[in-house]
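S.K.: Have a look at this one before I ask anything.
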Amino acid sequence: MGAPTTPATTGTPSRPTRGVPPADRALTRPRRRLLAAAAALVALAAVGAGSLLDLRTPAPKPADAPAGEFSAGRAYEDVQVIAARTHVAGSPANDQVRAHIEQQLRGLGLETEVQDTVAPEAGQLSGAAGGATMARVRNVVARLPGTASTGRIFLVAHYDSVQTGPGGNDDAAGTSAILEVARALTTGPRPRNDIVFVLTDAEEACLCGASAFAASHPLAADGGVVLNLEARGSTGPVIMFETSKNNAKLVDVFGRAAPHPVGTSFAVEIYRALPNDTDFTAFLDQKFVGLNSAYIDGGAIYHTPLDTPTAMDRGSLQQHGDNALGVAREFGAVDLTDLRSGHDATYFPVPGGLVRYPGWLTVPLALLAVAAVVALGWLTRRQGRASTGRLAAGFGLALVPIVAAPVAAQLLWLAITTIRPGYAELLDPYRPVWYRLAVLALAAAILFTWYALTRRRIGPAALAVGGLAWLALLGVLLAVAVPGGAYLTTLPALAGALGGLVALRTRQTGPWPVVAVTAAAAVGVLILLPTVVLLFPALGMGMGGVAALVAVLLGLTALPVVDLLHPQAGGQRGLLALRARRLGVLPAGAAAVAALVLAGVGLAVDRFDAAHPAPTHLMYAMDAGTGQARWLSHESDPQPWTDGYVDGMADVGDDFPGLGDGELRAGPAQTANLPAPKLDVLGDTTAGGERTLRLRLTPQRVARLATLHVDTSTATVLRAEVAGRSVPVEPREGKWGFGLVFHAPPAEGIEVTLTVRPTAAQVALRAMDASDGLEALPGFQARPPAVGVVGSHSSEMLAVARTYPI
C-alpha cells in the first residue's frame with residue numbers, strides 16, 4: 001500500500017495519497033471503543049423498542065366502558081352473532097346477520113333501510129374470471145343527520161363472509177366496529193355533518209354491494225368521505241393502507257384525530273399498483289375520497305374455517321374502533337367542502353404520532369440527500385479518511401449486501417417450503433415470528449460478513465459513504481417512480497450524511513462524533529424498523545426478501561455504529577491483525593448461527609396439527625349432459641390428502657367456463673345425482689339479422705352463484721341485459737366468447753336477454769351453478785384433523801353444468 005503519510009494538523013488538511021493511515025479511515029475514533037459501542041447500541045435499541053412499542057394494539061376496553069368511548073367488549077358481542085357461522089351472500093345465514101344489523105341500528109334510533117337491488121350497474125367491475133359479474137345485494141344503510149351538514153361521511157364494512165369460513169375478522173370486525181361507533185356517536189352531541197353507516201353485501205363475491213350503493217343510492221349521489229374498515233388476518237396494528245388521490249388534507253385529519261395512527265404513504269403507493277380490491281375500490285370509482293384501514297397479521301386463517309370470533313385479537317378490534325370513532329368525529333366537525341388538495345402527503349408513523357409533509361417536497365429532499373452524501377464524500381476524501389478510488393470501491397461494493405440479502409432470504413424460504421410444502425398455500429405460516437427473525441438474522445449475517453471482508457482493505461469511512469450513496473440514489477429513483485416511498489431512503493441518507501459531516505468536523509477524541517452517527521442511525525431505525533415489521537405480514541414470508549432488503553438498508557444507515565463493534569481499523573500487524581480479523585467476523589458468525597437456529601425453531605414449532613391444519617383445495621365439477629365428473633384442485637404441489645383425488649393437469653375451461661381459464665389438477669370422480677340449472681326460453685325473436693333471446697336461468701338447488709356462457713362458434717353476442725340492466729359485452733378468448741356470473745341468485749331465477757348475431761342454426765349456451773360443501777358427494781373422504789381448507793373463493797365448490805342448444 002506504500003508508505004503512510006500523516007495529514008497536517010493545522011491549516012488546510014493535506015490531500016490524501018494512496019497511503020492513507022489505516023487507523024484514520026473511520027468516521028469516528030473514540031478512545032474507549034467498547035464503551036462507545038455499548039452506549040450507541042443501547043441508544044439505538046431504545047429507539048427501536050420505542051418505535052415497535054408504538055405499533056402495539058391498545059388494551060381492549062370492557063363492556064362497561066363509558067358510553068362515549070369505543071368498547072371492544074361491547075363490539076365483540078356483535079362479532080359473536082355475526083360470525084356464528086358461515087354467511088355467504090344470498091344464504092339464509094346471511095339473512096339472519098342482516099336482520100341483526102338492522103335491529104341494532106334501528107335500536108339506536110337511526111334512519112335505517114335495506115337497499116335491495118341487482119348490482120353492479122352497466123359497465124362496472126366486469127371482467128371476472130368467468131365473465132361479467134353481477135349479484136343480488138342487500139345493503140343495510142343507516143343515517144345520523146348532521147346539525148348543519150357540509151357533506152357526508154360514510155363508514156363502510158361488509159357483513160357477508162366467504163363460503164369457507166364465518167368471517168370472524170373478515171369482516172365481522174369491521175361490521176361490529178361500525179355498530180359500536182354508531183352507538184357511541186348517538187350517545188353524544190350530534191355531529192355537524194351527516195354520518196352514513198353502510199354495511200355492504202357480496203363484497204367477497206364481487207364488491208357488488210359497495211358498487212350498488214356508490215353508483216345508485218340517493219345518499220351517495222353527492223359523494224363524500226369514505227372510511228372503510230377491513231381485516232386480512234386476526235391480529236396486529238390497524239394500518240391505514242389506502243387513500244384516494246391528493247390525500248394531504250385527509251391524512252392530516254387522520255394524523256391528528258386517530259388515537260393510534262399507523263399508516264405509510266409507501267403502503268398507499270404499493271396498494272395502488274396491486275390488483276387487490278376492497279369495497280373502497282367501488283367508492284373510488286365513483287369519485288369519493290377517503291381512507292381504507294385494516295389489520296393484516298395472522299394471515300394464515302384468512303378466509304378459512306379458522307376465522308372465528310375466538311381467533312380475533314380484541315386489541316386490534318379496539319384500535320379499529322378507536323380510530324374509526326376519532327376520525328369520524330373529526331370529519332363530522334370540519335367543512336367537508338375543502339378536503340381535496342393538489343398533492344399527496346408523505347407520511348409514516350413514529351412514537352406518539354404520524355410524521356407528514358407535503359409530497360411536493362419529495363424531489364427536493366431526495367436531491368438534498370444526494371448533495372449531502374456528495375459533501376460527505378468530499379470531506380471524507382479531503383480529511384484523508386478515504387481516497388477517490390476507495391470511495392468508488394465503497395459505492396460499488398455496497399451493492400453486494402443490497403442484492404445478496406433479499407436473494408438469500410428468498411432461497412431460505414424456498415428451502416423451508418421444500419421441507420414443508422403446505423406453506424405454499426398460506427399467506428403466512430401460523431407462527432411466523434421465528435421465520436421473520438431468521439430472515440432478519442440472515443440479512444444481518446450477510447451485512448456483517450460483507451463488512452468484515454471489505455472493511456480492512458476499503459476502509460470504514462468509504463464503506464459508510466458508499467452505503468449512504470445507494471440510499472440517496474434509491475431515494476431519487478423512488479421520488480420519480482414511487483414518490484410516497486421515497487422517504488424510506490431519502491431521510492436516512494440525509495440524516496446519515498449530516499451525521500457523518502458533524503462527526504468529521506468535531507473533535508475525534510470526544511463523544512460528539514459517536515453521538516452524531518448514532519443520532520443519524522436513530523433516524524434510520526425510526527423509519528426503517530417499523531417498515532420491516534409491517535412488511536412481513538403485508539407481503540407474507542413468500543416475499544420475505546423485501547423485508548430483508550429494507551433490513552440491509554437499515555444496516556447501511558448504521559454502518560458507523562456497526563464499525564464500533566470491530567477493533568480499530570488498521571494499524572495492527574502479525575498476531576494483532578489476525579486477532580482483529582477474527583473479532584471482526586464474530587458478529588457475522590453469530591448472526592449466521594442465529595438464522596439457522598431460528599429457522600430450525602420455526603420448523604419445530606410451526607407444525608401442522610388439528611389447530612393449525614395443512615391447507616388443501618378441492619372442487620367437484622360435473623357435466624349433467626354427459627354424466628362425467630371430475631375432482632379439481634388449484635394446488636400446484638398437492639398435499640397427500642389432495643393427491644388422493646387428483647393426478648395430472650387438465651384444462652377445464654371448455655367444459656366449465658364459469659371456473660375461469662387455465663389448467664387445474666384433475667382426477668376422475670363418481671357422478672352425483674345433482675340437477676343442472678334450468679334454462680327456459682321466455683321469448684325468441686329475429687329482426688335484421690339479429691336474434692333476441694329472453695331467457696330465465698334457474699338453479700334447481702341452493703346455489704351460491706350461477707353462470708351463463710355463449711359459444712362463439714354459434715353466435716356473437718351484441719347486447720346483454722340481466723334483470724333489466726345492461727351488462728358490458730367484452731369478448732373473451734376461447735370457445736365461450738361471452739360470459740355472465742351472477743352471485744346470490746334468487747330462487748325464482750335470473751332473467752337474461754341476449755341479442756346475438758347467429759352463425760349457426762342453434763345457439764349453444766352453457767349454464768352452470770355452484771354450491772359449497774363436498775361432504776355428501778360419492779367418493780368423498782372427510783379430511784383428517786390436521787388437514788384443513790385453504791382460504792380460496794373456490795374451495796369446496798360443487799359445480800354442475802349443462803349445454804343448451806337453442
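If you're wondering about the labels, chains in the C-alpha cells are A, B, ... by order shown, residues count from 1 in each chain, ligands from 1 in order shown.
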Pull the alpha helix (DSSP H) assignments for segment 418-653 of chain A out of DSSP run on the backbone, and list those residues as a VMD selection string.
M.R.: chain A and resid 418 to 419 433 to 458 460 to 481 487 to 505 512 to 539 544 to 557 559 to 563 575 to 605 640 to 643
S.K.: Just want the 7 Å neighbourhood of segment 790-801 of chain A, counted on only C-alpha atoms, with same-chain residues fewer than 4 positions away dropped. Output as a ChimeraX atom specification.
M.R.: /A:162,164,302-304,425,615-624,656,676,766-774
S.K.: Output N, CA, C and O atoms of each residue in that selection to a file, as an mmCIF file, in the first residue's frame.
M.R.:
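Dumped to selection_29.cif:
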```cif
data_model
loop_
_atom_site.group_PDB
_atom_site.id
_atom_site.type_symbol
_atom_site.label_atom_id
_atom_site.label_comp_id
_atom_site.auth_asym_id
_atom_site.auth_seq_id
_atom_site.Cartn_x
_atom_site.Cartn_y
_atom_site.Cartn_z
ATOM 1 N N VAL A 162 -66.912 -15.278 3.352
ATOM 2 C CA VAL A 162 -66.609 -16.247 2.300
ATOM 3 C C VAL A 162 -67.337 -17.554 2.600
ATOM 4 O O VAL A 162 -67.844 -17.764 3.707
ATOM 5 N N THR A 164 -65.958 -20.396 2.890
ATOM 6 C CA THR A 164 -65.095 -21.327 3.613
ATOM 7 C C THR A 164 -64.923 -20.985 5.082
ATOM 8 O O THR A 164 -64.173 -21.666 5.785
ATOM 9 N N TYR A 302 -56.851 -16.407 7.230
ATOM 10 C CA TYR A 302 -57.654 -15.569 6.328
ATOM 11 C C TYR A 302 -58.501 -16.421 5.386
ATOM 12 O O TYR A 302 -58.005 -17.308 4.703
ATOM 13 N N HIS A 303 -59.802 -16.179 5.386
ATOM 14 C CA HIS A 303 -60.759 -16.860 4.507
ATOM 15 C C HIS A 303 -60.866 -18.355 4.778
ATOM 16 O O HIS A 303 -61.273 -19.111 3.898
ATOM 17 N N THR A 304 -60.501 -18.795 5.951
ATOM 18 C CA THR A 304 -60.560 -20.219 6.267
ATOM 19 C C THR A 304 -61.591 -20.470 7.362
ATOM 20 O O THR A 304 -62.077 -19.533 8.013
ATOM 21 N N GLU A 425 -49.495 -22.687 0.198
ATOM 22 C CA GLU A 425 -50.903 -22.332 0.074
ATOM 23 C C GLU A 425 -51.354 -21.330 1.136
ATOM 24 O O GLU A 425 -52.526 -20.969 1.183
ATOM 25 N N PRO A 615 -53.260 -26.588 4.665
ATOM 26 C CA PRO A 615 -54.328 -26.133 3.770
ATOM 27 C C PRO A 615 -54.422 -26.972 2.506
ATOM 28 O O PRO A 615 -53.406 -27.307 1.889
ATOM 29 N N THR A 616 -55.643 -27.333 2.114
ATOM 30 C CA THR A 616 -55.864 -28.074 0.869
ATOM 31 C C THR A 616 -57.010 -27.442 0.091
ATOM 32 O O THR A 616 -57.897 -26.809 0.664
ATOM 33 N N HIS A 617 -56.981 -27.618 -1.214
ATOM 34 C CA HIS A 617 -58.006 -27.050 -2.101
ATOM 35 C C HIS A 617 -58.591 -28.168 -2.951
ATOM 36 O O HIS A 617 -57.862 -28.935 -3.584
ATOM 37 N N LEU A 618 -59.914 -28.271 -2.955
ATOM 38 C CA LEU A 618 -60.576 -29.293 -3.756
ATOM 39 C C LEU A 618 -61.921 -28.780 -4.231
ATOM 40 O O LEU A 618 -62.641 -28.107 -3.488
ATOM 41 N N MET A 619 -62.250 -29.095 -5.486
ATOM 42 C CA MET A 619 -63.554 -28.778 -6.077
ATOM 43 C C MET A 619 -64.104 -30.030 -6.759
ATOM 44 O O MET A 619 -63.359 -30.971 -7.064
ATOM 45 N N TYR A 620 -65.398 -29.996 -7.027
ATOM 46 C CA TYR A 620 -66.068 -31.072 -7.772
ATOM 47 C C TYR A 620 -66.848 -30.412 -8.902
ATOM 48 O O TYR A 620 -67.583 -29.443 -8.682
ATOM 49 N N ALA A 621 -66.670 -30.926 -10.116
ATOM 50 C CA ALA A 621 -67.369 -30.368 -11.275
ATOM 51 C C ALA A 621 -67.982 -31.504 -12.093
ATOM 52 O O ALA A 621 -67.289 -32.487 -12.418
ATOM 53 N N MET A 622 -69.262 -31.383 -12.417
ATOM 54 C CA MET A 622 -69.973 -32.434 -13.142
ATOM 55 C C MET A 622 -70.710 -31.848 -14.338
ATOM 56 O O MET A 622 -71.332 -30.783 -14.246
ATOM 57 N N ASP A 623 -70.624 -32.549 -15.464
ATOM 58 C CA ASP A 623 -71.401 -32.212 -16.655
ATOM 59 C C ASP A 623 -72.674 -33.055 -16.620
ATOM 60 O O ASP A 623 -72.624 -34.280 -16.796
ATOM 61 N N ALA A 624 -73.800 -32.389 -16.376
ATOM 62 C CA ALA A 624 -75.063 -33.121 -16.256
ATOM 63 C C ALA A 624 -75.512 -33.693 -17.587
ATOM 64 O O ALA A 624 -76.312 -34.635 -17.622
ATOM 65 N N PHE A 656 -66.111 -26.103 -18.229
ATOM 66 C CA PHE A 656 -66.649 -25.325 -17.107
ATOM 67 C C PHE A 656 -66.112 -23.898 -17.181
ATOM 68 O O PHE A 656 -65.262 -23.486 -16.392
ATOM 69 N N ALA A 676 -78.809 -30.020 -13.111
ATOM 70 C CA ALA A 676 -78.193 -28.831 -13.699
ATOM 71 C C ALA A 676 -79.158 -27.659 -13.582
ATOM 72 O O ALA A 676 -80.366 -27.842 -13.417
ATOM 73 N N ARG A 766 -74.048 -22.463 -22.352
ATOM 74 C CA ARG A 766 -73.567 -23.324 -21.278
ATOM 75 C C ARG A 766 -73.989 -22.717 -19.937
ATOM 76 O O ARG A 766 -73.570 -21.612 -19.570
ATOM 77 N N ALA A 767 -74.832 -23.422 -19.205
ATOM 78 C CA ALA A 767 -75.313 -22.960 -17.903
ATOM 79 C C ALA A 767 -74.634 -23.763 -16.804
ATOM 80 O O ALA A 767 -74.437 -24.981 -16.928
ATOM 81 N N MET A 768 -74.287 -23.085 -15.735
ATOM 82 C CA MET A 768 -73.638 -23.741 -14.600
ATOM 83 C C MET A 768 -74.093 -23.073 -13.317
ATOM 84 O O MET A 768 -74.339 -21.859 -13.279
ATOM 85 N N ASP A 769 -74.234 -23.856 -12.262
ATOM 86 C CA ASP A 769 -74.394 -23.259 -10.942
ATOM 87 C C ASP A 769 -73.417 -23.925 -9.998
ATOM 88 O O ASP A 769 -72.838 -24.976 -10.295
ATOM 89 N N ALA A 770 -73.195 -23.292 -8.864
ATOM 90 C CA ALA A 770 -72.203 -23.790 -7.909
ATOM 91 C C ALA A 770 -72.712 -23.592 -6.497
ATOM 92 O O ALA A 770 -73.234 -22.530 -6.151
ATOM 93 N N SER A 771 -72.556 -24.626 -5.704
ATOM 94 C CA SER A 771 -72.842 -24.569 -4.277
ATOM 95 C C SER A 771 -71.552 -24.882 -3.526
ATOM 96 O O SER A 771 -70.474 -24.996 -4.129
ATOM 97 N N ASP A 772 -71.642 -25.031 -2.225
ATOM 98 C CA ASP A 772 -70.462 -25.269 -1.405
ATOM 99 C C ASP A 772 -70.670 -26.471 -0.500
ATOM 100 O O ASP A 772 -71.768 -26.696 0.013
ATOM 101 N N GLY A 773 -69.611 -27.241 -0.317
ATOM 102 C CA GLY A 773 -69.679 -28.407 0.549
ATOM 103 C C GLY A 773 -69.600 -29.695 -0.245
ATOM 104 O O GLY A 773 -70.428 -29.953 -1.125
ATOM 105 N N LEU A 774 -68.596 -30.508 0.046
ATOM 106 C CA LEU A 774 -68.364 -31.744 -0.695
ATOM 107 C C LEU A 774 -68.737 -32.994 0.094
ATOM 108 O O LEU A 774 -68.659 -34.108 -0.440
#
```
S.K.: Using only C-alpha atoms, determine which residues lie at most 8 Å from segment 105-114 of chain A, disregarding the query and same-chain residues fewer than 4 positions distant; provide the list as a ChimeraX atom specification.
M.R.: /A:101,138-144,179,182-183,186
S.K.: For Thr187 of chain A, list every protein, DNA or RNA residue within 10 Å, evaluated using only C-alpha atoms, and leave out those in the same chain fewer than 6 positions away; present the list as a list in words.
M.R.: Ala67, Gly68, Glu69 and Leu108 of chain A
S.K.: What does the file look like for those residues with C-alpha atoms, as a PDB file, in the first residue's frame?
M.R.:
```
ATOM      1  CA  ALA A  67     -70.867   5.393  26.714  1.00  0.00           C
ATOM      2  CA  GLY A  68     -68.953   7.897  24.597  1.00  0.00           C
ATOM      3  CA  GLU A  69     -65.976   5.584  24.113  1.00  0.00           C
ATOM      4  CA  LEU A 108     -80.152   3.378  18.176  1.00  0.00           C
TER       5      LEU A 108
END
```
S.K.: Do you have, as CSV, the list of residues of segment 43-136 of chain A lying at most 8 Å from segment 732-747 of chain A, each with its nearest atom pair and that distance in Å to one decimal, counting only C-alpha atoms and ordered by chain then number?
M.R.:
```
residue,atom,partner,partner_atom,distance
A:Ala89,CA,A:Ala744,CA,5.8
A:Gly90,CA,A:Ala744,CA,4.4
A:Ser91,CA,A:Ala744,CA,7.5
A:Gly130,CA,A:Gly739,CA,5.9
A:Gly131,CA,A:Gly739,CA,4.2
A:Ala132,CA,A:Leu740,CA,4.8
A:Thr133,CA,A:Val741,CA,4.7
A:Met134,CA,A:Phe742,CA,4.9
A:Ala135,CA,A:His743,CA,4.4
A:Arg136,CA,A:Ala744,CA,5.7
```
S.K.: State, in Å with one decimal place, the distance from atom CA of Leu35 of chain A to atom CA of Ala372 of chain A.
M.R.: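 Calculated distance between atom CA of Leu35 of chain A and atom CA of Ala372 of chain A is 29.1 Å.
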